[in-house]
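Printed here is work.pdb (PDB, C-alpha atoms):
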```
ATOM      1  CA  MET A   1       9.309 -30.234 -20.517
ATOM      2  CA  ILE A   2      12.238 -27.818 -20.697
ATOM      3  CA  ILE A   3      15.346 -27.398 -18.585
ATOM      4  CA  GLU A   4      16.466 -24.101 -17.108
ATOM      5  CA  ILE A   5      20.257 -23.989 -17.004
ATOM      6  CA  ALA A   6      21.614 -21.265 -14.741
ATOM      7  CA  LEU A   7      25.367 -20.776 -14.591
ATOM      8  CA  ILE A   8      26.095 -19.241 -11.206
ATOM      9  CA  THR A   9      29.437 -17.824 -10.078
ATOM     10  CA  ILE A  10      30.198 -17.471  -6.389
ATOM     11  CA  ASP A  11      33.204 -16.910  -4.166
ATOM     12  CA  PRO A  12      34.424 -20.519  -3.783
ATOM     13  CA  THR A  13      35.256 -19.970  -0.125
ATOM     14  CA  GLN A  14      31.466 -19.621   0.339
ATOM     15  CA  ALA A  15      30.676 -22.939  -1.347
ATOM     16  CA  HIS A  16      29.326 -24.719   1.711
ATOM     17  CA  ALA A  17      26.988 -21.845   2.655
ATOM     18  CA  PHE A  18      25.804 -21.454  -0.944
ATOM     19  CA  GLU A  19      25.002 -25.166  -1.255
ATOM     20  CA  HIS A  20      23.108 -24.962   2.025
ATOM     21  CA  ALA A  21      21.101 -21.986   0.713
ATOM     22  CA  VAL A  22      20.158 -23.904  -2.441
ATOM     23  CA  ALA A  23      19.127 -26.904  -0.339
ATOM     24  CA  GLN A  24      16.920 -24.567   1.708
ATOM     25  CA  ALA A  25      15.264 -23.396  -1.524
ATOM     26  CA  ARG A  26      14.187 -26.916  -2.456
ATOM     27  CA  ASP A  27      10.650 -26.384  -1.134
ATOM     28  CA  ILE A  28      10.283 -23.174  -3.135
ATOM     29  CA  PHE A  29      10.868 -25.053  -6.368
ATOM     30  CA  GLN A  30       9.011 -28.178  -5.322
ATOM     31  CA  THR A  31       5.858 -26.129  -4.744
ATOM     32  CA  ALA A  32       6.319 -23.832  -7.785
ATOM     33  CA  GLU A  33       3.719 -24.346 -10.488
ATOM     34  CA  GLY A  34       5.071 -26.478 -13.336
ATOM     35  CA  CYS A  35       8.385 -27.265 -11.649
ATOM     36  CA  ARG A  36       9.431 -30.920 -11.988
ATOM     37  CA  GLY A  37      12.894 -31.209 -10.515
ATOM     38  CA  MET A  38      16.106 -29.467  -9.548
ATOM     39  CA  ARG A  39      19.772 -30.435  -9.475
ATOM     40  CA  LEU A  40      22.842 -28.472  -8.505
ATOM     41  CA  GLU A  41      26.195 -29.347 -10.043
ATOM     42  CA  ARG A  42      29.581 -27.854  -9.234
ATOM     43  CA  MET A  43      32.007 -27.390 -12.098
ATOM     44  CA  ILE A  44      35.216 -29.348 -11.613
ATOM     45  CA  GLU A  45      37.513 -27.125 -13.712
ATOM     46  CA  ASP A  46      36.263 -23.928 -12.019
ATOM     47  CA  PRO A  47      34.929 -24.527  -8.495
ATOM     48  CA  ALA A  48      33.605 -20.947  -8.385
ATOM     49  CA  LYS A  49      30.966 -22.052 -10.897
ATOM     50  CA  TYR A  50      27.787 -24.036 -10.400
ATOM     51  CA  MET A  51      25.226 -25.239 -12.886
ATOM     52  CA  LEU A  52      21.707 -25.189 -11.509
ATOM     53  CA  ARG A  53      19.338 -27.294 -13.612
ATOM     54  CA  ILE A  54      15.622 -26.948 -13.045
ATOM     55  CA  GLN A  55      12.979 -28.820 -15.007
ATOM     56  CA  TRP A  56       9.813 -26.948 -15.921
ATOM     57  CA  ASP A  57       6.703 -27.986 -17.812
ATOM     58  CA  SER A  58       7.221 -25.036 -20.164
ATOM     59  CA  LEU A  59       9.372 -21.947 -20.730
ATOM     60  CA  GLU A  60       6.409 -19.853 -19.572
ATOM     61  CA  HIS A  61       6.263 -21.660 -16.229
ATOM     62  CA  HIS A  62       9.807 -20.498 -15.559
ATOM     63  CA  MET A  63       9.983 -17.107 -17.232
ATOM     64  CA  VAL A  64       6.497 -15.776 -16.538
ATOM     65  CA  THR A  65       4.740 -17.678 -13.759
ATOM     66  CA  PHE A  66       7.762 -18.285 -11.528
ATOM     67  CA  ARG A  67       9.587 -15.018 -12.197
ATOM     68  CA  ASN A  68       6.468 -13.108 -11.157
ATOM     69  CA  SER A  69       5.880 -15.196  -8.046
ATOM     70  CA  GLU A  70       6.767 -14.712  -4.395
ATOM     71  CA  GLY A  71       8.769 -17.926  -4.723
ATOM     72  CA  PHE A  72      11.200 -16.163  -7.059
ATOM     73  CA  GLN A  73      11.706 -13.359  -4.551
ATOM     74  CA  ALA A  74      12.290 -15.912  -1.786
ATOM     75  CA  TRP A  75      14.758 -17.834  -3.981
ATOM     76  CA  ARG A  76      16.706 -14.711  -4.856
ATOM     77  CA  ALA A  77      16.783 -13.641  -1.195
ATOM     78  CA  LEU A  78      18.439 -16.966  -0.321
ATOM     79  CA  ALA A  79      20.831 -17.281  -3.253
ATOM     80  CA  SER A  80      21.706 -13.845  -4.598
ATOM     81  CA  PRO A  81      23.925 -12.805  -1.654
ATOM     82  CA  PHE A  82      26.371 -15.429  -2.963
ATOM     83  CA  PHE A  83      26.379 -14.288  -6.596
ATOM     84  CA  VAL A  84      29.560 -12.513  -7.659
ATOM     85  CA  ALA A  85      28.151 -11.971 -11.166
ATOM     86  CA  ALA A  86      24.698 -12.067 -12.684
ATOM     87  CA  PRO A  87      23.722 -15.688 -13.336
ATOM     88  CA  VAL A  88      23.697 -16.663 -17.009
ATOM     89  CA  VAL A  89      20.364 -18.345 -17.686
ATOM     90  CA  GLU A  90      19.540 -20.430 -20.746
ATOM     91  CA  HIS A  91      17.075 -23.194 -21.509
ATOM     92  CA  SER A  92      17.297 -26.511 -23.276
ATOM     93  CA  ARG A  93      15.082 -29.302 -24.431
ATOM     94  CA  GLU A  94      16.180 -32.945 -24.292
ATOM     95  CA  VAL A  95      16.347 -34.420 -27.795
ATOM     96  CA  LEU A  96      18.047 -37.737 -27.059
ATOM     97  CA  HIS A  97      17.925 -39.843 -23.908
ATOM     98  CA  GLY A  98      20.630 -42.285 -24.886
ATOM     99  CA  PHE A  99      20.689 -44.725 -21.964
TER
ATOM    100  CA  MET B 100      30.346 -40.136 -10.785
ATOM    101  CA  ILE B 101      31.068 -37.052 -12.855
ATOM    102  CA  ILE B 102      29.298 -35.457 -15.784
ATOM    103  CA  GLU B 103      31.018 -34.467 -19.002
ATOM    104  CA  ILE B 104      29.331 -31.375 -20.402
ATOM    105  CA  ALA B 105      30.198 -30.708 -24.039
ATOM    106  CA  LEU B 106      28.834 -27.568 -25.682
ATOM    107  CA  ILE B 107      28.636 -28.312 -29.386
ATOM    108  CA  THR B 108      27.901 -25.780 -32.125
ATOM    109  CA  ILE B 109      26.604 -26.956 -35.487
ATOM    110  CA  ASP B 110      24.955 -25.450 -38.544
ATOM    111  CA  PRO B 111      21.294 -25.541 -37.410
ATOM    112  CA  THR B 112      20.133 -26.578 -40.881
ATOM    113  CA  GLN B 113      21.998 -29.854 -40.149
ATOM    114  CA  ALA B 114      20.194 -30.470 -36.859
ATOM    115  CA  HIS B 115      18.314 -33.572 -37.935
ATOM    116  CA  ALA B 116      21.422 -35.268 -39.360
ATOM    117  CA  PHE B 117      23.496 -34.318 -36.303
ATOM    118  CA  GLU B 118      20.920 -35.743 -33.902
ATOM    119  CA  HIS B 119      20.844 -38.922 -35.975
ATOM    120  CA  ALA B 120      24.659 -39.164 -35.780
ATOM    121  CA  VAL B 121      24.569 -38.822 -31.982
ATOM    122  CA  ALA B 122      21.865 -41.498 -31.785
ATOM    123  CA  GLN B 123      24.114 -43.773 -33.860
ATOM    124  CA  ALA B 124      26.901 -43.186 -31.333
ATOM    125  CA  ARG B 125      24.812 -44.485 -28.445
ATOM    126  CA  ASP B 126      26.425 -47.934 -28.575
ATOM    127  CA  ILE B 127      29.910 -46.419 -28.495
ATOM    128  CA  PHE B 128      29.171 -44.767 -25.166
ATOM    129  CA  GLN B 129      27.100 -47.612 -23.790
ATOM    130  CA  THR B 130      30.028 -49.986 -24.222
ATOM    131  CA  ALA B 131      32.711 -47.496 -23.132
ATOM    132  CA  GLU B 132      34.390 -48.391 -19.846
ATOM    133  CA  GLY B 133      32.959 -46.379 -16.957
ATOM    134  CA  CYS B 134      30.245 -44.688 -19.016
ATOM    135  CA  ARG B 135      26.877 -44.577 -17.232
ATOM    136  CA  GLY B 136      24.554 -42.527 -19.425
ATOM    137  CA  MET B 137      24.202 -39.927 -22.147
ATOM    138  CA  ARG B 138      21.719 -37.186 -22.936
ATOM    139  CA  LEU B 139      21.612 -34.667 -25.753
ATOM    140  CA  GLU B 140      19.875 -31.334 -25.217
ATOM    141  CA  ARG B 141      19.290 -28.595 -27.748
ATOM    142  CA  MET B 142      19.524 -25.019 -26.545
ATOM    143  CA  ILE B 143      16.276 -23.110 -26.983
ATOM    144  CA  GLU B 144      17.748 -19.595 -27.220
ATOM    145  CA  ASP B 145      20.384 -20.679 -29.759
ATOM    146  CA  PRO B 146      19.337 -23.731 -31.805
ATOM    147  CA  ALA B 147      22.848 -23.983 -33.273
ATOM    148  CA  LYS B 148      23.995 -25.152 -29.834
ATOM    149  CA  TYR B 149      23.660 -28.505 -28.162
ATOM    150  CA  MET B 150      24.654 -29.665 -24.716
ATOM    151  CA  LEU B 151      25.847 -33.255 -24.652
ATOM    152  CA  ARG B 152      25.894 -34.661 -21.126
ATOM    153  CA  ILE B 153      27.686 -37.928 -20.504
ATOM    154  CA  GLN B 154      27.994 -39.583 -17.110
ATOM    155  CA  TRP B 155      31.294 -41.265 -16.268
ATOM    156  CA  ASP B 156      32.480 -43.112 -13.196
ATOM    157  CA  SER B 157      35.473 -40.762 -13.000
ATOM    158  CA  LEU B 158      37.210 -37.933 -14.832
ATOM    159  CA  GLU B 159      39.907 -40.422 -15.830
ATOM    160  CA  HIS B 160      37.373 -42.701 -17.513
ATOM    161  CA  HIS B 161      36.489 -39.835 -19.828
ATOM    162  CA  MET B 162      39.763 -37.999 -20.290
ATOM    163  CA  VAL B 163      42.217 -40.886 -20.340
ATOM    164  CA  THR B 164      40.521 -44.226 -20.984
ATOM    165  CA  PHE B 165      37.885 -43.013 -23.454
ATOM    166  CA  ARG B 166      39.971 -40.353 -25.195
ATOM    167  CA  ASN B 167      42.628 -42.964 -25.960
ATOM    168  CA  SER B 168      40.140 -45.570 -27.161
ATOM    169  CA  GLU B 169      38.908 -46.564 -30.584
ATOM    170  CA  GLY B 170      35.457 -45.558 -29.380
ATOM    171  CA  PHE B 171      36.578 -41.928 -29.235
ATOM    172  CA  GLN B 172      37.831 -42.092 -32.810
ATOM    173  CA  ALA B 173      34.518 -43.643 -33.914
ATOM    174  CA  TRP B 174      32.537 -40.973 -32.029
ATOM    175  CA  ARG B 175      34.533 -38.155 -33.562
ATOM    176  CA  ALA B 176      34.145 -39.677 -37.046
ATOM    177  CA  LEU B 177      30.358 -39.591 -36.598
ATOM    178  CA  ALA B 178      29.975 -36.206 -34.928
ATOM    179  CA  SER B 179      32.861 -33.944 -35.895
ATOM    180  CA  PRO B 180      31.721 -33.346 -39.507
ATOM    181  CA  PHE B 181      28.879 -31.322 -37.959
ATOM    182  CA  PHE B 182      31.028 -29.180 -35.650
ATOM    183  CA  VAL B 183      31.407 -25.570 -36.780
ATOM    184  CA  ALA B 184      33.671 -24.819 -33.799
ATOM    185  CA  ALA B 185      35.696 -26.917 -31.396
ATOM    186  CA  PRO B 186      33.376 -28.297 -28.693
ATOM    187  CA  VAL B 187      33.798 -26.692 -25.286
ATOM    188  CA  VAL B 188      34.166 -29.520 -22.775
ATOM    189  CA  GLU B 189      33.834 -29.155 -19.005
ATOM    190  CA  HIS B 190      32.945 -31.497 -16.177
ATOM    191  CA  SER B 191      30.698 -31.254 -13.165
ATOM    192  CA  ARG B 192      29.801 -33.202 -10.080
ATOM    193  CA  GLU B 193      26.258 -33.259  -8.714
ATOM    194  CA  VAL B 194      26.141 -31.707  -5.238
ATOM    195  CA  LEU B 195      22.367 -31.509  -4.706
ATOM    196  CA  HIS B 196      19.656 -33.740  -6.102
ATOM    197  CA  GLY B 197      16.710 -31.615  -5.005
ATOM    198  CA  PHE B 198      13.687 -33.664  -6.093
TER
END
```

Now, as a test, write the supplied structure out as C-alpha cells.
Amino acid sequence: MIIEIALITIDPTQAHAFEHAVAQARDIFQTAEGCRGMRLERMIEDPAKYMLRIQWDSLEHHMVTFRNSEGFQAWRALASPFFVAAPVVEHSREVLHGF
Amino acid sequence: MIIEIALITIDPTQAHAFEHAVAQARDIFQTAEGCRGMRLERMIEDPAKYMLRIQWDSLEHHMVTFRNSEGFQAWRALASPFFVAAPVVEHSREVLHGF
C-alpha cells in the first residue's frame, strides 16, 4: 500500500465549490482499481492549499492504471477548473503506525 | 482535531536509526496531552524525506502545551540528531473522509 499525496492550490474563495467537487469524485476513486481510500485535508496556515491523500495498492495502480483510465479524465474534469497551479504529486509509504 | 504535518529531511543512510528513534518516541506522544495518534511515512520519490503526521485535539495542544513540555525536549533529543535541515511544520484539518 502506498499513499498519493497531492498538494493542490485553489482560489480560497472557491473552497466550498472545490470541496463539493472532490466529494462528487468519491465514486471515481472508490471504483478505481487498487484504490483503498481518500481523504481531503485543508491546510490551516494557508487555506488556499489542500492535501489530497489517496491510498493505492501500488504506485502502478495510481501512475499507470488510474492515470490512463476514464476515471482520471472524469476526476480532472471535476477538479482541475479549481486549480490555480499544477498540483504537486508525491507518494509515501507508511513506516510507523505509532498509535 | 487537527493534524501536525512535519516534513523531516535526514541522511538516508541513517534511515533505520531514525525510524528506530521515532518508534522510541511513541510513548512521548501517546502520553502528551491532547495527542490522538502518530504515523511516520517515508517519501518514495525522495527517501531522505519523511512525513510525520501527528493528530492533536487542537492547534494549541501542539504549539503551546506540547512545545512547552518536557516531552518536546525528549522528542527533540531523540530525533533532532538525524535532521539535516530544520523540519517544515504545517497543520491541516480533514474536510472530507471519502471512504

Excluding Thr112 (chain B) and its own-chain neighbours fewer than 4 positions away, which residues fall within 12 Å of it when counting all atoms listed in the file? Please give them as a PDB file with C-alpha atoms, in the coordinates of the input.
```pdb
ATOM      1  CA  THR B 108      27.901 -25.780 -32.125  1.00  0.00           C
ATOM      2  CA  ALA B 116      21.422 -35.268 -39.360  1.00  0.00           C
ATOM      3  CA  PHE B 117      23.496 -34.318 -36.303  1.00  0.00           C
ATOM      4  CA  GLU B 118      20.920 -35.743 -33.902  1.00  0.00           C
ATOM      5  CA  PRO B 146      19.337 -23.731 -31.805  1.00  0.00           C
ATOM      6  CA  ALA B 147      22.848 -23.983 -33.273  1.00  0.00           C
ATOM      7  CA  LYS B 148      23.995 -25.152 -29.834  1.00  0.00           C
ATOM      8  CA  PHE B 181      28.879 -31.322 -37.959  1.00  0.00           C
TER       9      PHE B 181
END
```

Q: Measuring atom to atom with all atoms listed in the file, identify which of B:Ile153, B:Ala120, B:Gly133, B:Met162 is nearest to His97 (chain A).
A: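 Smallest distance to His97 (chain A) is found for B:Ile153.
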
Select from chain A every residue with an atom at most 12 Å from any atom of chain B, then for each give the shortest pair of atoms and their distance in Å to one decimal, using only C-alpha atoms, rows by chain and rising number, as a tab-separated table.
```
residue	atom	partner	partner_atom	distance
A:Met1	CA	B:Glu140	CA	11.6
A:Ile2	CA	B:Ile143	CA	8.8
A:Ile3	CA	B:Glu140	CA	8.9
A:Glu4	CA	B:Ile143	CA	9.9
A:Ile5	CA	B:Met142	CA	9.6
A:Leu7	CA	B:Ser191	CA	11.8
A:Ala15	CA	B:Val194	CA	10.6
A:His16	CA	B:Val194	CA	10.4
A:Phe18	CA	B:Val194	CA	11.1
A:Glu19	CA	B:Leu195	CA	7.7
A:His20	CA	B:Leu195	CA	9.4
A:Ala21	CA	B:Leu195	CA	11.0
A:Val22	CA	B:Leu195	CA	8.2
A:Ala23	CA	B:Gly197	CA	7.1
A:Gln24	CA	B:Gly197	CA	9.7
A:Ala25	CA	B:Gly197	CA	9.0
A:Arg26	CA	B:Gly197	CA	5.9
A:Asp27	CA	B:Gly197	CA	8.9
A:Ile28	CA	B:Gly197	CA	10.8
A:Phe29	CA	B:Gly197	CA	8.9
A:Gln30	CA	B:Phe198	CA	7.2
A:Thr31	CA	B:Phe198	CA	10.9
A:Cys35	CA	B:Phe198	CA	10.0
A:Arg36	CA	B:Phe198	CA	7.8
A:Gly37	CA	B:Phe198	CA	5.1
A:Met38	CA	B:Gly197	CA	5.1
A:Arg39	CA	B:His196	CA	4.7
A:Leu40	CA	B:Leu195	CA	4.9
A:Glu41	CA	B:Glu193	CA	4.1
A:Arg42	CA	B:Ser191	CA	5.3
A:Met43	CA	B:Ser191	CA	4.2
A:Ile44	CA	B:Ser191	CA	5.1
A:Glu45	CA	B:Glu189	CA	6.8
A:Asp46	CA	B:Glu189	CA	9.1
A:Pro47	CA	B:Ser191	CA	9.2
A:Ala48	CA	B:Ser191	CA	11.7
A:Lys49	CA	B:Ser191	CA	9.5
A:Tyr50	CA	B:Ser191	CA	8.3
A:Met51	CA	B:Ser191	CA	8.1
A:Leu52	CA	B:Leu195	CA	9.3
A:Arg53	CA	B:His196	CA	9.9
A:Ile54	CA	B:Gly197	CA	9.4
A:Gln55	CA	B:Phe198	CA	10.2
A:Ser58	CA	B:Ile143	CA	11.5
A:Leu59	CA	B:Ile143	CA	9.4
A:Val89	CA	B:Glu144	CA	10.0
A:Glu90	CA	B:Glu144	CA	6.8
A:His91	CA	B:Ile143	CA	5.5
A:Ser92	CA	B:Met142	CA	4.2
A:Arg93	CA	B:Glu140	CA	5.3
A:Glu94	CA	B:Glu140	CA	4.1
A:Val95	CA	B:Glu140	CA	5.3
A:Leu96	CA	B:Leu139	CA	4.9
A:His97	CA	B:Arg138	CA	4.7
A:Gly98	CA	B:Met137	CA	5.1
A:Phe99	CA	B:Gly136	CA	5.1
```

Return as AutoDock Vina command-line options the centre and edge lengths, in Å with one decimal, of the box along x, y and z that encloses every atom of region 141-149 of chain B in the file, padded by 5 Å per side.
```
--center_x 20.1 --center_y -24.1 --center_z -29.9 --size_x 17.7 --size_y 19.0 --size_z 16.7
```

What would you get as a PDB file with C-alpha atoms, in the coordinates of the input if chain A were moved onto chain B by least squares over all of its C-alpha atoms in order?
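Listed below is the output, selection_17.pdb:
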```pdb
ATOM      1  CA  MET A   1      30.350 -40.157 -10.782  1.00  0.00           C
ATOM      2  CA  ILE A   2      31.066 -37.049 -12.849  1.00  0.00           C
ATOM      3  CA  ILE A   3      29.286 -35.456 -15.781  1.00  0.00           C
ATOM      4  CA  GLU A   4      30.999 -34.460 -19.003  1.00  0.00           C
ATOM      5  CA  ILE A   5      29.326 -31.360 -20.414  1.00  0.00           C
ATOM      6  CA  ALA A   6      30.195 -30.712 -24.048  1.00  0.00           C
ATOM      7  CA  LEU A   7      28.835 -27.573 -25.674  1.00  0.00           C
ATOM      8  CA  ILE A   8      28.634 -28.310 -29.384  1.00  0.00           C
ATOM      9  CA  THR A   9      27.900 -25.775 -32.119  1.00  0.00           C
ATOM     10  CA  ILE A  10      26.608 -26.935 -35.481  1.00  0.00           C
ATOM     11  CA  ASP A  11      24.954 -25.447 -38.538  1.00  0.00           C
ATOM     12  CA  PRO A  12      21.294 -25.538 -37.417  1.00  0.00           C
ATOM     13  CA  THR A  13      20.142 -26.574 -40.877  1.00  0.00           C
ATOM     14  CA  GLN A  14      22.003 -29.847 -40.152  1.00  0.00           C
ATOM     15  CA  ALA A  15      20.193 -30.469 -36.864  1.00  0.00           C
ATOM     16  CA  HIS A  16      18.318 -33.581 -37.933  1.00  0.00           C
ATOM     17  CA  ALA A  17      21.438 -35.270 -39.358  1.00  0.00           C
ATOM     18  CA  PHE A  18      23.506 -34.319 -36.304  1.00  0.00           C
ATOM     19  CA  GLU A  19      20.916 -35.749 -33.902  1.00  0.00           C
ATOM     20  CA  HIS A  20      20.850 -38.926 -35.973  1.00  0.00           C
ATOM     21  CA  ALA A  21      24.658 -39.170 -35.771  1.00  0.00           C
ATOM     22  CA  VAL A  22      24.564 -38.823 -31.978  1.00  0.00           C
ATOM     23  CA  ALA A  23      21.857 -41.490 -31.776  1.00  0.00           C
ATOM     24  CA  GLN A  24      24.105 -43.766 -33.847  1.00  0.00           C
ATOM     25  CA  ALA A  25      26.909 -43.196 -31.322  1.00  0.00           C
ATOM     26  CA  ARG A  26      24.810 -44.489 -28.433  1.00  0.00           C
ATOM     27  CA  ASP A  27      26.420 -47.943 -28.566  1.00  0.00           C
ATOM     28  CA  ILE A  28      29.904 -46.427 -28.486  1.00  0.00           C
ATOM     29  CA  PHE A  29      29.171 -44.771 -25.163  1.00  0.00           C
ATOM     30  CA  GLN A  30      27.092 -47.613 -23.782  1.00  0.00           C
ATOM     31  CA  THR A  31      30.026 -49.994 -24.224  1.00  0.00           C
ATOM     32  CA  ALA A  32      32.728 -47.495 -23.133  1.00  0.00           C
ATOM     33  CA  GLU A  33      34.396 -48.392 -19.855  1.00  0.00           C
ATOM     34  CA  GLY A  34      32.975 -46.362 -16.966  1.00  0.00           C
ATOM     35  CA  CYS A  35      30.249 -44.685 -19.016  1.00  0.00           C
ATOM     36  CA  ARG A  36      26.872 -44.563 -17.242  1.00  0.00           C
ATOM     37  CA  GLY A  37      24.561 -42.530 -19.425  1.00  0.00           C
ATOM     38  CA  MET A  38      24.207 -39.939 -22.154  1.00  0.00           C
ATOM     39  CA  ARG A  39      21.712 -37.197 -22.950  1.00  0.00           C
ATOM     40  CA  LEU A  40      21.604 -34.669 -25.746  1.00  0.00           C
ATOM     41  CA  GLU A  41      19.868 -31.342 -25.206  1.00  0.00           C
ATOM     42  CA  ARG A  42      19.283 -28.590 -27.742  1.00  0.00           C
ATOM     43  CA  MET A  43      19.518 -25.019 -26.519  1.00  0.00           C
ATOM     44  CA  ILE A  44      16.277 -23.110 -26.986  1.00  0.00           C
ATOM     45  CA  GLU A  45      17.764 -19.594 -27.220  1.00  0.00           C
ATOM     46  CA  ASP A  46      20.403 -20.687 -29.768  1.00  0.00           C
ATOM     47  CA  PRO A  47      19.338 -23.727 -31.812  1.00  0.00           C
ATOM     48  CA  ALA A  48      22.856 -23.980 -33.274  1.00  0.00           C
ATOM     49  CA  LYS A  49      23.991 -25.155 -29.835  1.00  0.00           C
ATOM     50  CA  TYR A  50      23.639 -28.523 -28.155  1.00  0.00           C
ATOM     51  CA  MET A  51      24.649 -29.670 -24.712  1.00  0.00           C
ATOM     52  CA  LEU A  52      25.835 -33.258 -24.650  1.00  0.00           C
ATOM     53  CA  ARG A  53      25.885 -34.667 -21.118  1.00  0.00           C
ATOM     54  CA  ILE A  54      27.676 -37.932 -20.497  1.00  0.00           C
ATOM     55  CA  GLN A  55      27.996 -39.580 -17.103  1.00  0.00           C
ATOM     56  CA  TRP A  56      31.290 -41.258 -16.267  1.00  0.00           C
ATOM     57  CA  ASP A  57      32.487 -43.119 -13.196  1.00  0.00           C
ATOM     58  CA  SER A  58      35.470 -40.760 -13.003  1.00  0.00           C
ATOM     59  CA  LEU A  59      37.224 -37.928 -14.844  1.00  0.00           C
ATOM     60  CA  GLU A  60      39.915 -40.436 -15.833  1.00  0.00           C
ATOM     61  CA  HIS A  61      37.372 -42.707 -17.518  1.00  0.00           C
ATOM     62  CA  HIS A  62      36.489 -39.836 -19.829  1.00  0.00           C
ATOM     63  CA  MET A  63      39.764 -37.994 -20.283  1.00  0.00           C
ATOM     64  CA  VAL A  64      42.220 -40.887 -20.341  1.00  0.00           C
ATOM     65  CA  THR A  65      40.522 -44.223 -20.990  1.00  0.00           C
ATOM     66  CA  PHE A  66      37.896 -43.018 -23.465  1.00  0.00           C
ATOM     67  CA  ARG A  67      39.980 -40.358 -25.206  1.00  0.00           C
ATOM     68  CA  ASN A  68      42.630 -42.980 -25.955  1.00  0.00           C
ATOM     69  CA  SER A  69      40.135 -45.568 -27.166  1.00  0.00           C
ATOM     70  CA  GLU A  70      38.906 -46.571 -30.606  1.00  0.00           C
ATOM     71  CA  GLY A  71      35.453 -45.557 -29.384  1.00  0.00           C
ATOM     72  CA  PHE A  72      36.580 -41.926 -29.242  1.00  0.00           C
ATOM     73  CA  GLN A  73      37.820 -42.084 -32.826  1.00  0.00           C
ATOM     74  CA  ALA A  74      34.523 -43.645 -33.918  1.00  0.00           C
ATOM     75  CA  TRP A  75      32.548 -40.975 -32.028  1.00  0.00           C
ATOM     76  CA  ARG A  76      34.526 -38.145 -33.574  1.00  0.00           C
ATOM     77  CA  ALA A  77      34.147 -39.675 -37.048  1.00  0.00           C
ATOM     78  CA  LEU A  78      30.358 -39.585 -36.608  1.00  0.00           C
ATOM     79  CA  ALA A  79      29.988 -36.202 -34.924  1.00  0.00           C
ATOM     80  CA  SER A  80      32.872 -33.939 -35.896  1.00  0.00           C
ATOM     81  CA  PRO A  81      31.731 -33.347 -39.504  1.00  0.00           C
ATOM     82  CA  PHE A  82      28.890 -31.321 -37.953  1.00  0.00           C
ATOM     83  CA  PHE A  83      31.044 -29.183 -35.653  1.00  0.00           C
ATOM     84  CA  VAL A  84      31.412 -25.577 -36.778  1.00  0.00           C
ATOM     85  CA  ALA A  85      33.676 -24.821 -33.798  1.00  0.00           C
ATOM     86  CA  ALA A  86      35.681 -26.919 -31.387  1.00  0.00           C
ATOM     87  CA  PRO A  87      33.360 -28.296 -28.703  1.00  0.00           C
ATOM     88  CA  VAL A  88      33.798 -26.693 -25.285  1.00  0.00           C
ATOM     89  CA  VAL A  89      34.159 -29.516 -22.776  1.00  0.00           C
ATOM     90  CA  GLU A  90      33.841 -29.161 -19.012  1.00  0.00           C
ATOM     91  CA  HIS A  91      32.942 -31.495 -16.176  1.00  0.00           C
ATOM     92  CA  SER A  92      30.698 -31.242 -13.164  1.00  0.00           C
ATOM     93  CA  ARG A  93      29.795 -33.177 -10.087  1.00  0.00           C
ATOM     94  CA  GLU A  94      26.244 -33.252  -8.715  1.00  0.00           C
ATOM     95  CA  VAL A  95      26.126 -31.703  -5.242  1.00  0.00           C
ATOM     96  CA  LEU A  96      22.369 -31.504  -4.711  1.00  0.00           C
ATOM     97  CA  HIS A  97      19.633 -33.732  -6.100  1.00  0.00           C
ATOM     98  CA  GLY A  98      16.713 -31.615  -4.991  1.00  0.00           C
ATOM     99  CA  PHE A  99      13.696 -33.661  -6.090  1.00  0.00           C
TER     100      PHE A  99
END
```

(Q) What does the structure give for the distance between CA of Pro12 (chain A) and CA of Val163 (chain B), in Å to one decimal? (A)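 Answer for the CA of Pro12 (chain A) to CA of Val163 (chain B) separation: 27.4 Å.
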
**Q.** Interatomic distance, CA of Ile107 (chain B) to CA of His61 (chain A) (Å, one decimal)
**A.**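 Going from CA of Ile107 (chain B) over to CA of His61 (chain A) covers 26.8 Å.
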
Q: Have a look at CA of Val183 (chain B) and CA of Ile109 (chain B) and let me know their distance in Å, one decimal.
A: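 Interatomic distance, CA of Val183 (chain B) to CA of Ile109 (chain B): 5.2 Å.
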
Q.
For a quick check of understanding, using all atoms listed in the file, which of B:Glu132, B:Ala184, B:Ala105, B:Asp110 has the smallest distance to Thr164 (chain B)?
A.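 Nearest candidate to Thr164 (chain B) out of B:Glu132, B:Ala184, B:Ala105, B:Asp110: B:Glu132.
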
Any chance you could build region 193-198 of chain B out to N, CA, C and O atoms and write it as a compact mmCIF listing (two decimals), in the coordinates of the input?
```txt
# COMPACT_ATOMS: atom_id res chain seq x y z
N GLU B 193 27.53 -33.64 -9.33
CA GLU B 193 26.26 -33.26 -8.71
C GLU B 193 26.46 -33.09 -7.21
O GLU B 193 27.01 -33.98 -6.55
N VAL B 194 26.00 -31.95 -6.68
CA VAL B 194 26.14 -31.71 -5.24
C VAL B 194 24.79 -31.66 -4.55
O VAL B 194 24.71 -31.73 -3.31
N LEU B 195 23.71 -31.51 -5.31
CA LEU B 195 22.37 -31.51 -4.71
C LEU B 195 21.39 -32.09 -5.72
O LEU B 195 21.29 -31.61 -6.85
N HIS B 196 20.71 -33.13 -5.29
CA HIS B 196 19.66 -33.74 -6.10
C HIS B 196 18.36 -33.37 -5.38
O HIS B 196 17.95 -34.05 -4.44
N GLY B 197 17.78 -32.23 -5.79
CA GLY B 197 16.71 -31.62 -5.00
C GLY B 197 15.45 -32.44 -4.91
O GLY B 197 14.93 -32.70 -3.83
N PHE B 198 14.90 -32.82 -6.05
CA PHE B 198 13.69 -33.66 -6.09
C PHE B 198 13.47 -34.09 -7.52
O PHE B 198 14.19 -33.61 -8.41
```
